[in-house]
file final-v7.pdb (PDB, C-alpha atoms)
ATOM      1  CA  MET A   1      33.452  52.720  -2.732
ATOM      2  CA  ALA A   2      35.340  52.874  -6.004
ATOM      3  CA  ASN A   3      32.398  53.881  -8.187
ATOM      4  CA  SER A   4      29.375  56.078  -7.659
ATOM      5  CA  SER A   5      27.173  53.466  -9.289
ATOM      6  CA  GLY A   6      27.053  49.709  -9.615
ATOM      7  CA  THR A   7      25.288  47.030 -11.612
ATOM      8  CA  ILE A   8      23.492  44.315  -9.651
ATOM      9  CA  ALA A   9      22.862  40.910 -11.166
ATOM     10  CA  ALA A  10      19.111  40.483 -10.735
ATOM     11  CA  GLU A  11      15.925  39.089 -12.202
ATOM     12  CA  PRO A  12      14.308  39.763 -14.579
ATOM     13  CA  ALA A  13      17.442  41.678 -15.710
ATOM     14  CA  PRO A  14      20.521  43.358 -14.250
ATOM     15  CA  ILE A  15      19.986  46.866 -12.900
ATOM     16  CA  THR A  16      22.454  49.730 -12.510
ATOM     17  CA  LEU A  17      21.985  51.959  -9.478
ATOM     18  CA  ASP A  18      23.415  55.330  -8.517
ATOM     19  CA  TRP A  19      24.494  54.639  -4.929
ATOM     20  CA  SER A  20      24.031  58.285  -3.911
ATOM     21  CA  LYS A  21      20.340  57.885  -4.766
ATOM     22  CA  THR A  22      19.936  54.449  -3.179
ATOM     23  CA  ALA A  23      18.746  53.505   0.304
ATOM     24  CA  LEU A  24      18.908  50.189   2.109
ATOM     25  CA  VAL A  25      15.502  49.560   3.690
ATOM     26  CA  ILE A  26      15.361  46.878   6.404
ATOM     27  CA  ILE A  27      11.783  46.023   7.212
ATOM     28  CA  ASP A  28      10.504  44.987  10.636
ATOM     29  CA  MET A  29      13.404  42.905  11.937
ATOM     30  CA  GLN A  30      11.844  43.173  15.378
ATOM     31  CA  ARG A  31      11.893  40.910  18.377
ATOM     32  CA  ASP A  32       8.088  40.667  18.267
ATOM     33  CA  PHE A  33       8.348  38.927  14.901
ATOM     34  CA  MET A  34      11.709  37.171  15.237
ATOM     35  CA  GLU A  35      11.682  35.756  18.769
ATOM     36  CA  ARG A  36       9.565  33.429  20.832
ATOM     37  CA  GLY A  37       6.920  35.133  22.928
ATOM     38  CA  GLY A  38       6.323  37.897  20.403
ATOM     39  CA  PHE A  39       3.437  38.750  18.127
ATOM     40  CA  GLY A  40       4.508  36.343  15.387
ATOM     41  CA  GLU A  41       4.389  33.359  17.688
ATOM     42  CA  THR A  42       1.055  34.385  19.232
ATOM     43  CA  LEU A  43      -0.423  34.006  15.746
ATOM     44  CA  GLY A  44       0.732  30.379  15.740
ATOM     45  CA  ASN A  45       3.817  30.828  13.575
ATOM     46  CA  ASP A  46       7.191  29.088  13.754
ATOM     47  CA  VAL A  47       9.457  32.093  14.328
ATOM     48  CA  SER A  48      12.589  30.074  13.569
ATOM     49  CA  GLN A  49      11.643  30.315   9.867
ATOM     50  CA  LEU A  50      12.696  33.969   9.896
ATOM     51  CA  ALA A  51      16.196  33.439  11.289
ATOM     52  CA  ARG A  52      17.623  32.602   7.856
ATOM     53  CA  ALA A  53      17.397  36.250   6.788
ATOM     54  CA  VAL A  54      19.557  37.660   9.586
ATOM     55  CA  LYS A  55      23.058  36.857   8.271
ATOM     56  CA  PRO A  56      22.427  38.027   4.687
ATOM     57  CA  ILE A  57      20.927  41.276   5.971
ATOM     58  CA  ALA A  58      23.832  41.785   8.386
ATOM     59  CA  ALA A  59      26.332  41.381   5.543
ATOM     60  CA  VAL A  60      24.535  43.873   3.294
ATOM     61  CA  LEU A  61      24.050  46.288   6.199
ATOM     62  CA  ALA A  62      27.781  46.285   6.945
ATOM     63  CA  ALA A  63      28.613  46.929   3.283
ATOM     64  CA  ALA A  64      25.990  49.667   3.001
ATOM     65  CA  ARG A  65      27.413  51.394   6.055
ATOM     66  CA  ASP A  66      30.925  51.204   4.612
ATOM     67  CA  ALA A  67      29.679  52.612   1.304
ATOM     68  CA  GLY A  68      27.797  55.473   2.943
ATOM     69  CA  LEU A  69      24.343  54.459   1.750
ATOM     70  CA  LEU A  70      21.307  55.824   3.523
ATOM     71  CA  VAL A  71      20.008  53.091   5.854
ATOM     72  CA  VAL A  72      16.372  53.011   6.949
ATOM     73  CA  HIS A  73      14.918  50.552   9.453
ATOM     74  CA  THR A  74      11.176  50.112   9.928
ATOM     75  CA  ARG A  75       9.221  48.830  12.912
ATOM     76  CA  GLU A  76       5.552  47.907  12.918
ATOM     77  CA  GLY A  77       3.803  48.799  16.142
ATOM     78  CA  HIS A  78       1.192  50.915  17.828
ATOM     79  CA  LEU A  79       0.806  53.710  20.314
ATOM     80  CA  PRO A  80       0.215  52.581  23.913
ATOM     81  CA  ASP A  81      -3.415  53.723  23.787
ATOM     82  CA  LEU A  82      -3.955  51.768  20.528
ATOM     83  CA  SER A  83      -5.508  54.849  18.917
ATOM     84  CA  ASP A  84      -3.682  54.018  15.663
ATOM     85  CA  ALA A  85      -4.764  50.354  15.604
ATOM     86  CA  PRO A  86      -8.000  49.737  13.675
ATOM     87  CA  PRO A  87     -10.504  47.383  15.327
ATOM     88  CA  ALA A  88     -10.318  45.102  12.294
ATOM     89  CA  LYS A  89      -6.628  44.553  13.015
ATOM     90  CA  LEU A  90      -7.044  44.153  16.759
ATOM     91  CA  GLU A  91      -9.884  41.661  16.480
ATOM     92  CA  ARG A  92      -8.747  39.388  13.682
ATOM     93  CA  GLY A  93      -8.153  35.706  14.214
ATOM     94  CA  ALA A  94      -7.758  33.983  17.557
ATOM     95  CA  PRO A  95      -4.173  34.581  18.703
ATOM     96  CA  ARG A  96      -3.006  33.485  22.136
ATOM     97  CA  LEU A  97      -2.251  37.141  22.911
ATOM     98  CA  ARG A  98      -3.588  40.164  21.075
ATOM     99  CA  ILE A  99      -1.882  43.443  20.203
ATOM    100  CA  GLY A 100      -1.477  45.428  23.413
ATOM    101  CA  ASP A 101      -1.669  42.424  25.742
ATOM    102  CA  PRO A 102       1.200  41.860  28.209
ATOM    103  CA  GLY A 103       3.745  39.322  26.931
ATOM    104  CA  PRO A 104       7.247  38.085  27.783
ATOM    105  CA  MET A 105       8.814  41.135  26.073
ATOM    106  CA  GLY A 106       6.275  43.713  27.237
ATOM    107  CA  ARG A 107       2.984  44.640  25.650
ATOM    108  CA  ILE A 108       2.630  42.936  22.281
ATOM    109  CA  LEU A 109       3.534  45.150  19.287
ATOM    110  CA  ILE A 110       3.489  48.375  21.291
ATOM    111  CA  ARG A 111       6.032  51.128  20.623
ATOM    112  CA  GLY A 112       8.632  51.479  23.345
ATOM    113  CA  GLU A 113       8.310  47.895  24.576
ATOM    114  CA  ALA A 114      11.256  45.497  24.327
ATOM    115  CA  GLY A 115       9.497  43.273  21.813
ATOM    116  CA  HIS A 116       8.863  46.181  19.473
ATOM    117  CA  ASP A 117      12.559  46.917  19.096
ATOM    118  CA  ILE A 118      14.949  45.638  16.440
ATOM    119  CA  ILE A 119      17.021  42.516  17.087
ATOM    120  CA  PRO A 120      20.565  43.151  18.406
ATOM    121  CA  GLU A 121      22.284  41.694  15.318
ATOM    122  CA  LEU A 122      20.829  44.449  13.114
ATOM    123  CA  TYR A 123      20.446  47.255  15.613
ATOM    124  CA  PRO A 124      20.427  50.736  14.063
ATOM    125  CA  GLN A 125      23.367  53.051  14.469
ATOM    126  CA  GLY A 126      22.747  56.578  15.664
ATOM    127  CA  SER A 127      22.895  58.088  12.189
ATOM    128  CA  GLU A 128      20.398  55.633  10.717
ATOM    129  CA  ILE A 129      16.711  56.361  10.319
ATOM    130  CA  VAL A 130      14.012  54.377  12.102
ATOM    131  CA  ILE A 131      10.465  54.602  10.768
ATOM    132  CA  ASP A 132       7.709  53.524  13.152
ATOM    133  CA  LYS A 133       4.685  52.431  11.169
ATOM    134  CA  PRO A 134       1.193  51.411  12.290
ATOM    135  CA  GLY A 135       0.495  49.337   9.195
ATOM    136  CA  LYS A 136       2.154  46.828   6.945
ATOM    137  CA  GLY A 137       3.460  49.282   4.360
ATOM    138  CA  ALA A 138       6.244  51.702   5.250
ATOM    139  CA  PHE A 139       4.546  54.663   3.546
ATOM    140  CA  TYR A 140       1.191  54.507   5.319
ATOM    141  CA  ALA A 141       0.826  57.131   8.099
ATOM    142  CA  THR A 142       4.612  57.660   8.347
ATOM    143  CA  GLU A 143       7.292  60.152   7.330
ATOM    144  CA  PHE A 144       9.006  57.570   5.087
ATOM    145  CA  GLY A 145       8.149  59.296   1.807
ATOM    146  CA  ASP A 146       9.337  62.642   3.120
ATOM    147  CA  VAL A 147      12.621  61.113   4.251
ATOM    148  CA  LEU A 148      13.281  59.584   0.837
ATOM    149  CA  GLN A 149      12.551  62.884  -0.877
ATOM    150  CA  LYS A 150      14.772  64.794   1.532
ATOM    151  CA  TYR A 151      17.756  62.576   0.686
ATOM    152  CA  GLY A 152      17.055  62.445  -3.053
ATOM    153  CA  ILE A 153      16.454  58.705  -3.034
ATOM    154  CA  GLU A 154      15.239  56.991  -6.206
ATOM    155  CA  ASN A 155      16.232  53.371  -5.577
ATOM    156  CA  LEU A 156      15.468  51.040  -2.671
ATOM    157  CA  LEU A 157      17.355  47.915  -1.693
ATOM    158  CA  VAL A 158      14.672  46.117   0.293
ATOM    159  CA  CYS A 159      14.955  43.271   2.786
ATOM    160  CA  GLY A 160      13.278  42.112   5.983
ATOM    161  CA  VAL A 161      10.160  40.267   7.079
ATOM    162  CA  THR A 162       7.819  38.970   6.111
ATOM    163  CA  THR A 163       8.263  38.587   2.367
ATOM    164  CA  GLU A 164       4.608  38.395   1.428
ATOM    165  CA  VAL A 165       3.271  40.906   3.946
ATOM    166  CA  CYS A 166       5.297  43.965   4.983
ATOM    167  CA  VAL A 167       8.023  43.583   2.323
ATOM    168  CA  ASN A 168       5.556  43.106  -0.533
ATOM    169  CA  THR A 169       3.266  45.867   0.709
ATOM    170  CA  THR A 170       6.136  48.359   0.956
ATOM    171  CA  VAL A 171       7.484  47.409  -2.479
ATOM    172  CA  ARG A 172       4.059  47.870  -4.035
ATOM    173  CA  GLU A 173       3.629  51.239  -2.327
ATOM    174  CA  ALA A 174       7.077  52.307  -3.494
ATOM    175  CA  ASN A 175       6.450  51.129  -7.043
ATOM    176  CA  ASP A 176       3.339  53.296  -7.279
ATOM    177  CA  ARG A 177       5.430  56.256  -6.131
ATOM    178  CA  GLY A 178       8.069  55.744  -8.824
ATOM    179  CA  TYR A 179      10.855  54.104  -6.823
ATOM    180  CA  ARG A 180      12.977  51.319  -8.259
ATOM    181  CA  CYS A 181      12.895  48.449  -5.778
ATOM    182  CA  VAL A 182      15.501  45.707  -5.659
ATOM    183  CA  VAL A 183      14.477  42.966  -3.235
ATOM    184  CA  ILE A 184      17.208  40.882  -1.603
ATOM    185  CA  SER A 185      15.774  37.363  -1.706
ATOM    186  CA  ASP A 186      17.862  35.714   1.016
ATOM    187  CA  GLY A 187      17.507  38.842   3.135
ATOM    188  CA  CYS A 188      13.757  38.234   3.294
ATOM    189  CA  ALA A 189      11.846  35.441   4.974
ATOM    190  CA  SER A 190       8.357  34.246   5.780
ATOM    191  CA  TYR A 191       6.786  31.965   8.350
ATOM    192  CA  PHE A 192       5.576  30.070   5.273
ATOM    193  CA  PRO A 193       8.378  29.165   2.816
ATOM    194  CA  GLU A 194       5.920  28.789  -0.059
ATOM    195  CA  PHE A 195       4.668  32.353   0.537
ATOM    196  CA  HIS A 196       8.269  33.604   0.438
ATOM    197  CA  GLU A 197       8.829  31.927  -2.911
ATOM    198  CA  MET A 198       5.602  33.203  -4.439
ATOM    199  CA  GLY A 199       6.055  36.676  -2.951
ATOM    200  CA  LEU A 200       9.354  37.034  -4.798
ATOM    201  CA  LYS A 201       7.872  35.677  -8.019
ATOM    202  CA  MET A 202       5.112  38.287  -7.876
ATOM    203  CA  ILE A 203       7.653  41.112  -7.658
ATOM    204  CA  LYS A 204       9.798  40.077 -10.636
ATOM    205  CA  ALA A 205       7.019  38.713 -12.891
ATOM    206  CA  GLN A 206       5.948  40.365 -16.150
ATOM    207  CA  GLY A 207       9.271  42.069 -16.718
ATOM    208  CA  GLY A 208       9.622  43.213 -13.122
ATOM    209  CA  ILE A 209       6.127  44.575 -12.565
ATOM    210  CA  PHE A 210       6.965  45.653  -8.997
ATOM    211  CA  GLY A 211      10.766  45.495  -9.054
ATOM    212  CA  TRP A 212      13.854  43.348  -9.268
ATOM    213  CA  VAL A 213      14.941  40.354  -7.208
ATOM    214  CA  THR A 214      18.558  39.632  -6.355
ATOM    215  CA  ASP A 215      20.531  38.116  -3.469
ATOM    216  CA  ALA A 216      22.959  39.405  -0.875
ATOM    217  CA  ALA A 217      26.043  38.145  -2.702
ATOM    218  CA  ALA A 218      25.120  40.105  -5.844
ATOM    219  CA  VAL A 219      24.561  43.295  -3.845
ATOM    220  CA  LEU A 220      27.874  42.879  -2.053
ATOM    221  CA  GLU A 221      29.652  42.345  -5.369
ATOM    222  CA  ALA A 222      28.099  45.452  -6.892
ATOM    223  CA  LEU A 223      28.956  47.595  -3.876
ATOM    224  CA  ALA A 224      32.552  46.380  -3.902
ATOM    225  CA  ALA A 225      33.108  46.972  -7.628
TER     226      ALA A 225
END
call {"tool": "encode", "arguments": {"input": "final-v7.pdb", "output": "structure tokens"}}
result
Amino acid sequence: MANSSGTIAAEPAPITLDWSKTALVIIDMQRDFMERGGFGETLGNDVSQLARAVKPIAAVLAAARDAGLLVVHTREGHLPDLSDAPPAKLERGAPRLRIGDPGPMGRILIRGEAGHDIIPELYPQGSEIVIDKPGKGAFYATEFGDVLQKYGIENLLVCGVTTEVCVNTTVREANDRGYRCVVISDGCASYFPEFHEMGLKMIKAQGGIFGWVTDAAAVLEALAA
């Protein structure tokens, strides 16, 4: 990387980031959400809607690795005994299979099962951090905040699924904690395209009330500058 900082074209305005204080955060790109037979499909969703985010994330991930950025992956899931899964979460709706039930990729949304793991295209390298979270936000009941403090991180490049749920929740949590969040629009996706669009609008509205919104090409350009 030629420079220690870079300016990303974004909305509502460009933002300059110190790369040494910036982490790439890839949220919940797990088989249980991305593939057929997982938790996402049991809720009645079309999992193919999420596939569009994979290539943009892969491109940014490769560039972040080359630039030496801290990379953090998150996975939503629960302990095998479900002691960290509130009844309100376990009981909601009428899915075909509930959290903890046996499915094609093991027990649904349970840590250590095949479906809980990250898709092969974005699989973490040994030096990268994986945060296992029981909720939608990456800060709740995890070591995520401690990790960011340990590495002196102030800025988060955020991508993953789904835009309006785990991405938005994490961005809002991070915003309250003083982090600058730059959300990569084409590196996020939702089962509902209209929720994706509105989720991004919520982040950048009112002068960037929760953060900035950009795309993968702009991040790649800034990293290469």
call {"tool": "resolve_selection", "arguments": {"input": "final-v7.pdb", "expression": "the PyMOL selection byres ((chain A and resi 111-122) around 6)", "output": "JSON, numbers by chain"}}
result
{"A": [29, 30, 31, 32, 77, 78, 79, 105, 106, 109, 110, 123]}
call {"tool": "residues_around", "arguments": {"input": "final-v7.pdb", "residues": "A:Ala13", "least_positions_apart": "2", "cutoff": "9 Å", "atoms": "only C-alpha atoms", "output": "number ranges by chain"}}
result
A: 8-11, 15, 207-208, 212-213
call {"tool": "closest_residue", "arguments": {"input": "final-v7.pdb", "among": "A:Cys188, A:Met202, A:Glu221, A:Gly6", "to": "A:Leu50", "atoms": "only C-alpha atoms"}}
result
A:Cys188
call {"tool": "closest_residue", "arguments": {"input": "final-v7.pdb", "among": "A:Ala217, A:Val167, A:Ala67, A:Val182", "to": "A:Asn3", "atoms": "all atoms listed in the file"}}
result
A:Ala67
call {"tool": "resolve_selection", "arguments": {"input": "final-v7.pdb", "expression": "the PyMOL selection byres ((chain A and resi 128) around 12)", "output": "list in words"}}
result
Ala23, Leu24, Val25, Ile26, Leu61, Ala64, Arg65, Gly68, Leu69, Leu70, Val71, Val72, His73, Thr74, Leu122, Tyr123, Pro124, Gln125, Gly126, Ser127, Ile129, Val130, Ile131 and Val147 of chain A
call {"tool": "resolve_selection", "arguments": {"input": "final-v7.pdb", "expression": "the PyMOL selection byres ((chain A and resi 43) around 8)", "output": "list in words"}}
result
Phe39, Gly40, Glu41, Thr42, Gly44, Asn45, Ala94, Pro95 and Arg96 of chain A
call {"tool": "write_last_selection", "arguments": {"input": "final-v7.pdb", "atoms": "C-alpha atoms", "output": "PDB file, in the coordinates of the input"}}
result
ATOM      1  CA  PHE A  39       3.437  38.750  18.127  1.00  0.00           C
ATOM      2  CA  GLY A  40       4.508  36.343  15.387  1.00  0.00           C
ATOM      3  CA  GLU A  41       4.389  33.359  17.688  1.00  0.00           C
ATOM      4  CA  THR A  42       1.055  34.385  19.232  1.00  0.00           C
ATOM      5  CA  GLY A  44       0.732  30.379  15.740  1.00  0.00           C
ATOM      6  CA  ASN A  45       3.817  30.828  13.575  1.00  0.00           C
ATOM      7  CA  ALA A  94      -7.758  33.983  17.557  1.00  0.00           C
ATOM      8  CA  PRO A  95      -4.173  34.581  18.703  1.00  0.00           C
ATOM      9  CA  ARG A  96      -3.006  33.485  22.136  1.00  0.00           C
TER      10      ARG A  96
END
call {"tool": "closest_residue", "arguments": {"input": "final-v7.pdb", "among": "A:Gln49, A:Leu223, A:Arg98, A:Gly160", "to": "A:Glu194", "atoms": "only C-alpha atoms"}}
result
A:Gln49
